[in-house]
file input-v5.cif (mmCIF, C-alpha atoms, pLDDT in the B column; chains and numbers go by the auth columns)
data_upload
loop_
_atom_site.group_PDB
_atom_site.id
_atom_site.type_symbol
_atom_site.label_atom_id
_atom_site.label_comp_id
_atom_site.label_asym_id
_atom_site.label_seq_id
_atom_site.Cartn_x
_atom_site.Cartn_y
_atom_site.Cartn_z
_atom_site.B_iso_or_equiv
_atom_site.auth_seq_id
_atom_site.auth_asym_id
ATOM 1 C CA ALA A 1 20.820 21.033 -2.072 78.00 22 Z
ATOM 2 C CA GLY A 2 22.939 23.682 -0.344 82.00 23 Z
ATOM 3 C CA LEU A 3 25.434 23.518 -3.201 82.00 24 Z
ATOM 4 C CA ALA A 4 23.204 22.458 -6.105 81.00 25 Z
ATOM 5 C CA LEU A 5 20.633 25.249 -5.761 84.00 26 Z
ATOM 6 C CA PRO A 6 23.215 28.080 -5.869 85.00 27 Z
ATOM 7 C CA LEU A 7 24.865 26.397 -8.861 83.00 28 Z
ATOM 8 C CA PHE A 8 21.511 26.271 -10.665 81.00 29 Z
ATOM 9 C CA ALA A 9 20.907 29.926 -9.753 83.00 30 Z
ATOM 10 C CA VAL A 10 24.270 30.970 -11.197 81.00 31 Z
ATOM 11 C CA LEU A 11 23.625 28.855 -14.290 79.00 32 Z
ATOM 12 C CA PHE A 12 20.233 30.573 -14.723 83.00 33 Z
ATOM 13 C CA VAL A 13 21.652 34.098 -14.323 80.00 34 Z
ATOM 14 C CA LEU A 14 24.856 33.517 -16.296 78.00 35 Z
ATOM 15 C CA PRO A 15 23.451 34.071 -19.842 77.00 36 Z
ATOM 16 C CA ASN A 16 22.394 37.616 -18.895 78.00 37 Z
ATOM 17 C CA ALA A 17 25.707 38.522 -17.255 78.00 38 Z
ATOM 18 C CA PRO A 18 27.918 40.882 -19.270 83.00 39 Z
ATOM 19 C CA MET A 19 31.165 38.942 -19.659 79.00 40 Z
ATOM 20 C CA ASN A 20 33.522 37.440 -22.173 83.00 41 Z
ATOM 21 C CA ALA A 21 32.293 34.250 -23.877 78.00 42 Z
ATOM 22 C CA GLY A 22 35.434 32.358 -22.815 80.00 43 Z
ATOM 23 C CA VAL A 23 34.927 33.257 -19.168 80.00 44 Z
ATOM 24 C CA ARG A 24 31.243 32.317 -19.414 79.00 45 Z
ATOM 25 C CA ALA A 25 32.153 28.917 -20.921 81.00 46 Z
ATOM 26 C CA ALA A 26 34.703 28.267 -18.150 82.00 47 Z
ATOM 27 C CA ILE A 27 32.144 29.127 -15.456 82.00 48 Z
ATOM 28 C CA GLU A 28 29.525 26.914 -17.100 83.00 49 Z
ATOM 29 C CA HIS A 29 32.059 24.079 -17.209 83.00 50 Z
ATOM 30 C CA LEU A 30 32.839 24.474 -13.499 87.00 51 Z
ATOM 31 C CA ILE A 31 29.132 24.533 -12.708 84.00 52 Z
ATOM 32 C CA ALA A 32 28.622 21.336 -14.730 85.00 53 Z
ATOM 33 C CA ILE A 33 31.383 19.593 -12.784 88.00 54 Z
ATOM 34 C CA GLY A 34 29.888 20.865 -9.527 89.00 55 Z
ATOM 35 C CA LEU A 35 26.448 19.539 -10.471 89.00 56 Z
ATOM 36 C CA ILE A 36 27.920 16.139 -11.372 89.00 57 Z
ATOM 37 C CA GLY A 37 29.513 16.054 -7.922 90.00 58 Z
ATOM 38 C CA CYS A 38 26.210 17.057 -6.314 91.00 59 Z
ATOM 39 C CA VAL A 39 24.345 14.247 -8.055 91.00 60 Z
ATOM 40 C CA ALA A 40 26.990 11.707 -7.022 92.00 61 Z
ATOM 41 C CA TRP A 41 26.900 12.969 -3.441 93.00 62 Z
ATOM 42 C CA ALA A 42 23.086 12.771 -3.416 92.00 63 Z
ATOM 43 C CA VAL A 43 23.142 9.160 -4.629 92.00 64 Z
ATOM 44 C CA ILE A 44 25.709 8.225 -1.962 92.00 65 Z
ATOM 45 C CA ALA A 45 23.641 10.038 0.691 93.00 66 Z
ATOM 46 C CA LEU A 46 20.559 8.099 -0.446 92.00 67 Z
ATOM 47 C CA VAL A 47 22.482 4.838 -0.086 91.00 68 Z
ATOM 48 C CA ASP A 48 23.536 5.913 3.432 90.00 69 Z
ATOM 49 C CA VAL A 49 19.902 6.641 4.313 92.00 70 Z
ATOM 50 C CA LEU A 50 18.838 3.231 3.031 89.00 71 Z
ATOM 51 C CA GLU A 51 21.593 1.605 5.086 86.00 72 Z
ATOM 52 C CA ASP A 52 20.403 3.502 8.181 85.00 73 Z
ATOM 53 C CA LEU A 53 16.814 2.397 7.544 88.00 74 Z
ATOM 54 C CA MET A 54 17.929 -1.221 7.254 84.00 75 Z
ATOM 55 C CA SER A 55 19.990 -0.878 10.458 81.00 76 Z
ATOM 56 C CA ALA A 56 16.987 0.520 12.291 81.00 77 Z
ATOM 57 C CA ARG A 57 14.713 -2.239 11.030 81.00 78 Z
ATOM 58 C CA TYR A 58 17.141 -5.113 11.629 75.00 79 Z
ATOM 59 C CA ARG A 59 18.827 -4.441 14.959 71.00 80 Z
ATOM 60 C CA ILE A 60 21.833 -6.541 15.908 71.00 81 Z
ATOM 61 C CA ASP A 61 21.754 -5.616 19.604 70.00 82 Z
ATOM 62 C CA ILE A 62 18.896 -7.994 20.419 71.00 83 Z
ATOM 63 C CA ALA A 63 19.118 -11.632 21.531 72.00 84 Z
ATOM 64 C CA ASP A 64 18.058 -13.585 18.401 71.00 85 Z
ATOM 65 C CA ASN A 65 19.862 -11.546 15.750 72.00 86 Z
ATOM 66 C CA LEU A 66 21.053 -14.054 13.140 71.00 87 Z
ATOM 67 C CA GLU A 67 18.848 -12.612 10.385 74.00 88 Z
ATOM 68 C CA ALA A 68 19.719 -9.041 11.403 75.00 89 Z
ATOM 69 C CA ARG A 69 23.455 -9.779 11.246 75.00 90 Z
ATOM 70 C CA ARG A 70 23.022 -11.319 7.806 75.00 91 Z
ATOM 71 C CA ILE A 71 21.180 -8.242 6.559 77.00 92 Z
ATOM 72 C CA ALA A 72 23.710 -5.896 8.202 78.00 93 Z
ATOM 73 C CA THR A 73 26.623 -7.653 6.538 75.00 94 Z
ATOM 74 C CA GLN A 74 25.020 -7.620 3.101 77.00 95 Z
ATOM 75 C CA THR A 75 23.935 -3.991 3.465 80.00 96 Z
ATOM 76 C CA GLN A 76 27.417 -2.888 4.504 80.00 97 Z
ATOM 77 C CA VAL A 77 29.112 -4.608 1.563 78.00 98 Z
ATOM 78 C CA LEU A 78 26.537 -3.472 -0.991 81.00 99 Z
ATOM 79 C CA ARG A 79 26.849 0.113 0.275 84.00 100 Z
ATOM 80 C CA ARG A 80 30.608 0.032 -0.254 83.00 101 Z
ATOM 81 C CA VAL A 81 30.223 -1.401 -3.750 82.00 102 Z
ATOM 82 C CA VAL A 82 27.646 1.238 -4.714 86.00 103 Z
ATOM 83 C CA VAL A 83 29.815 4.060 -3.326 87.00 104 Z
ATOM 84 C CA VAL A 84 32.806 2.882 -5.372 85.00 105 Z
ATOM 85 C CA ILE A 85 30.733 2.504 -8.554 84.00 106 Z
ATOM 86 C CA VAL A 86 29.063 5.918 -8.148 88.00 107 Z
ATOM 87 C CA SER A 87 32.409 7.575 -7.422 87.00 108 Z
ATOM 88 C CA ILE A 88 34.060 6.038 -10.477 83.00 109 Z
ATOM 89 C CA LEU A 89 31.124 6.994 -12.685 81.00 110 Z
ATOM 90 C CA ALA A 90 31.052 10.567 -11.363 85.00 111 Z
ATOM 91 C CA ILE A 91 34.774 11.020 -11.920 83.00 112 Z
ATOM 92 C CA GLY A 92 34.464 9.542 -15.404 79.00 113 Z
ATOM 93 C CA VAL A 93 31.540 11.781 -16.348 80.00 114 Z
ATOM 94 C CA ALA A 94 33.296 14.847 -14.926 82.00 115 Z
ATOM 95 C CA LEU A 95 36.443 14.051 -16.899 80.00 116 Z
ATOM 96 C CA MET A 96 34.423 13.531 -20.073 80.00 117 Z
ATOM 97 C CA THR A 97 33.273 17.166 -19.880 81.00 118 Z
ATOM 98 C CA PHE A 98 36.785 18.235 -20.869 82.00 119 Z
ATOM 99 C CA PRO A 99 37.003 18.272 -24.698 78.00 120 Z
ATOM 100 C CA THR A 100 40.555 16.919 -24.899 75.00 121 Z
ATOM 101 C CA ILE A 101 39.848 14.069 -22.515 73.00 122 Z
ATOM 102 C CA HIS A 102 36.603 13.330 -24.355 69.00 123 Z
ATOM 103 C CA GLN A 103 38.552 12.932 -27.614 70.00 124 Z
ATOM 104 C CA ILE A 104 41.089 10.705 -25.904 68.00 125 Z
ATOM 105 C CA GLY A 105 38.260 8.655 -24.397 61.00 126 Z
ATOM 106 C CA THR A 106 36.627 8.220 -27.790 60.00 127 Z
ATOM 107 C CA SER A 107 39.857 7.017 -29.381 64.00 128 Z
ATOM 108 C CA LEU A 108 40.575 4.704 -26.448 55.00 129 Z
ATOM 109 C CA LEU A 109 37.079 3.271 -26.709 54.00 130 Z
ATOM 110 C CA ALA A 110 37.927 2.048 -30.203 57.00 131 Z
ATOM 111 C CA SER A 111 40.818 -0.034 -28.852 59.00 132 Z
ATOM 112 C CA ALA A 112 39.114 -1.015 -25.582 55.00 133 Z
ATOM 113 C CA GLY A 113 38.475 -4.620 -26.626 59.00 134 Z
ATOM 114 C CA LEU A 114 42.111 -5.646 -26.813 58.00 135 Z
ATOM 115 C CA ALA A 115 43.117 -3.431 -23.897 59.00 136 Z
ATOM 116 C CA GLY A 116 40.270 -4.873 -21.823 63.00 137 Z
ATOM 117 C CA LEU A 117 41.514 -8.409 -22.454 62.00 138 Z
ATOM 118 C CA VAL A 118 45.083 -7.510 -21.510 66.00 139 Z
ATOM 119 C CA VAL A 119 44.069 -5.624 -18.369 63.00 140 Z
ATOM 120 C CA GLY A 120 41.560 -8.317 -17.426 63.00 141 Z
ATOM 121 C CA MET A 121 44.180 -11.024 -17.643 67.00 142 Z
ATOM 122 C CA ALA A 122 46.706 -8.950 -15.695 67.00 143 Z
ATOM 123 C CA MET A 123 44.246 -8.037 -12.945 63.00 144 Z
ATOM 124 C CA ARG A 124 42.545 -11.413 -12.697 67.00 145 Z
ATOM 125 C CA PRO A 125 43.998 -12.304 -9.272 66.00 146 Z
ATOM 126 C CA THR A 126 43.087 -8.901 -7.819 62.00 147 Z
ATOM 127 C CA LEU A 127 39.596 -8.936 -9.284 63.00 148 Z
ATOM 128 C CA SER A 128 38.980 -12.495 -8.126 67.00 149 Z
ATOM 129 C CA ASN A 129 39.989 -11.535 -4.574 63.00 150 Z
ATOM 130 C CA ARG A 130 37.596 -8.575 -4.604 66.00 151 Z
ATOM 131 C CA LEU A 131 34.779 -10.686 -6.005 68.00 152 Z
ATOM 132 C CA ALA A 132 35.530 -13.394 -3.445 67.00 153 Z
ATOM 133 C CA GLY A 133 35.204 -10.819 -0.654 66.00 154 Z
ATOM 134 C CA ILE A 134 31.851 -9.684 -2.006 67.00 155 Z
ATOM 135 C CA GLN A 135 30.787 -13.308 -2.375 69.00 156 Z
ATOM 136 C CA ILE A 136 31.741 -14.038 1.248 66.00 157 Z
ATOM 137 C CA ALA A 137 29.645 -11.099 2.403 63.00 158 Z
ATOM 138 C CA LEU A 138 26.636 -12.101 0.320 65.00 159 Z
ATOM 139 C CA THR A 139 26.675 -15.889 0.788 65.00 160 Z
ATOM 140 C CA GLN A 140 27.218 -15.526 4.535 65.00 161 Z
ATOM 141 C CA PRO A 141 29.662 -18.227 5.601 69.00 162 Z
ATOM 142 C CA ILE A 142 30.498 -15.655 8.300 73.00 163 Z
ATOM 143 C CA ARG A 143 28.459 -12.696 9.512 71.00 164 Z
ATOM 144 C CA LEU A 144 29.088 -9.604 11.589 75.00 165 Z
ATOM 145 C CA GLN A 145 29.280 -10.414 15.318 75.00 166 Z
ATOM 146 C CA ASP A 146 29.894 -14.153 14.702 79.00 167 Z
ATOM 147 C CA VAL A 147 32.202 -15.718 17.283 81.00 168 Z
ATOM 148 C CA VAL A 148 35.234 -17.365 15.643 83.00 169 Z
ATOM 149 C CA ILE A 149 38.464 -19.021 16.738 82.00 170 Z
ATOM 150 C CA VAL A 150 41.576 -17.955 14.809 81.00 171 Z
ATOM 151 C CA GLU A 151 44.947 -19.492 15.675 83.00 172 Z
ATOM 152 C CA GLY A 152 43.690 -20.578 19.102 84.00 173 Z
ATOM 153 C CA GLU A 153 42.291 -17.111 19.980 84.00 174 Z
ATOM 154 C CA TRP A 154 38.562 -16.439 19.986 84.00 175 Z
ATOM 155 C CA GLY A 155 36.972 -13.216 18.882 86.00 176 Z
ATOM 156 C CA TRP A 156 34.091 -11.600 17.001 83.00 177 Z
ATOM 157 C CA ILE A 157 33.784 -10.693 13.326 82.00 178 Z
ATOM 158 C CA GLU A 158 33.844 -6.896 13.485 81.00 179 Z
ATOM 159 C CA GLU A 159 34.038 -5.933 9.800 78.00 180 Z
ATOM 160 C CA ILE A 160 33.956 -7.689 6.435 74.00 181 Z
ATOM 161 C CA GLY A 161 35.717 -5.842 3.623 70.00 182 Z
ATOM 162 C CA THR A 162 36.126 -6.813 0.000 65.00 183 Z
ATOM 163 C CA THR A 163 39.634 -8.166 0.640 68.00 184 Z
ATOM 164 C CA TYR A 164 39.802 -8.648 4.402 74.00 185 Z
ATOM 165 C CA VAL A 165 37.902 -9.573 7.563 78.00 186 Z
ATOM 166 C CA VAL A 166 38.512 -7.785 10.872 83.00 187 Z
ATOM 167 C CA VAL A 167 38.317 -10.032 13.936 86.00 188 Z
ATOM 168 C CA LYS A 168 38.074 -8.360 17.343 87.00 189 Z
ATOM 169 C CA ILE A 169 40.009 -10.625 19.714 85.00 190 Z
ATOM 170 C CA TRP A 170 38.662 -11.166 23.235 74.00 191 Z
ATOM 171 C CA ASP A 171 41.419 -9.104 24.926 74.00 192 Z
#

call {"tool": "encode", "arguments": {"input": "input-v5.cif", "output": "structure tokens"}}
result
Amino acid sequence: AGLALPLFAVLFVLPNAPMNAGVRAAIEHLIAIGLIGCVAWAVIALVDVLEDLMSARYRIDIADNLEARRIATQTQVLRRVVVVIVSILAIGVALMTFPTIHQIGTSLLASAGLAGLVVGMAMRPTLSNRLAGIQIALTQPIRLQDVVIVEGEWGWIEEIGTTYVVVKIWD
């Protein structure tokens, strides 16, 4: 709100300002990009608030916390996925405000079917690893704070990423 409200104020006052049309268009374009960033930041902040609410409701520092650890793991992974999706969408929308990039995007969209197949086949191992990490977090074969033994050392599951798991070893 601290950035969005001043941007709206400038956007409201801008039509009455005595300036060149080219300068006015450039300022309006910058304001549009700023507002796109504000909306993306607000969505990410809302996701953070929802994660905090879930953490407060399902506490993992109590004795019988199996359900809370399950919820914490799923919430953490879903938050990361949403942040990545919102960031990619915001960057894409901001780039589409540039006329030259918009034209390039339109022409690329026409050939996206074949390009999508080629890229999908090339990135299949990477995408399957990412999806497997999300699947591990959602299906819960392991949860945050589970005790595990890895190569003869025991430790706790500290973090579950989309492509890795962090184990905090006892020492």

call {"tool": "resolve_selection", "arguments": {"input": "input-v5.cif", "expression": "the PyMOL selection byres ((chain Z and resi 79) around 8)", "output": "JSON, numbers by chain"}}
result
{"Z": [75, 76, 77, 78, 80, 81, 88, 89, 90, 92, 93]}

call {"tool": "resolve_selection", "arguments": {"input": "input-v5.cif", "expression": "the PyMOL selection byres ((chain Z and resi 164) around 7)", "output": "list in words"}}
result
Arg90, Arg91, Thr94, Gln161, Pro162, Ile163, Leu165, Gln166, Asp167 and Ile178 of chain Z

call {"tool": "atom_distance", "arguments": {"input": "input-v5.cif", "atom1": "atom CA of Z:Cys59", "atom2": "atom CA of Z:Ala25"}}
result
6.2 Å

call {"tool": "residues_near_point", "arguments": {"input": "input-v5.cif", "point": "(30.2, 27.4, -20.3)", "cutoff": "12 Å", "atoms": "all atoms listed in the file", "output": "PyMOL selection string"}}
result
chain Z and resi 31-33+35-36+40-54+118-119

call {"tool": "resolve_selection", "arguments": {"input": "input-v5.cif", "expression": "the PyMOL selection byres ((chain Z and resi 62-73) around 8)", "output": "NGL selection string"}}
result
:Z and (58-61 or 74-77 or 96-97 or 100 or 103-104 or 107)

call {"tool": "atom_distance", "arguments": {"input": "input-v5.cif", "atom1": "atom CA of Z:Val188", "atom2": "atom CA of Z:Gly176"}}
result
6.0 Å

call {"tool": "atom_distance", "arguments": {"input": "input-v5.cif", "atom1": "atom CA of Z:Glu174", "atom2": "atom CA of Z:Lys189"}}
result
10.1 Å
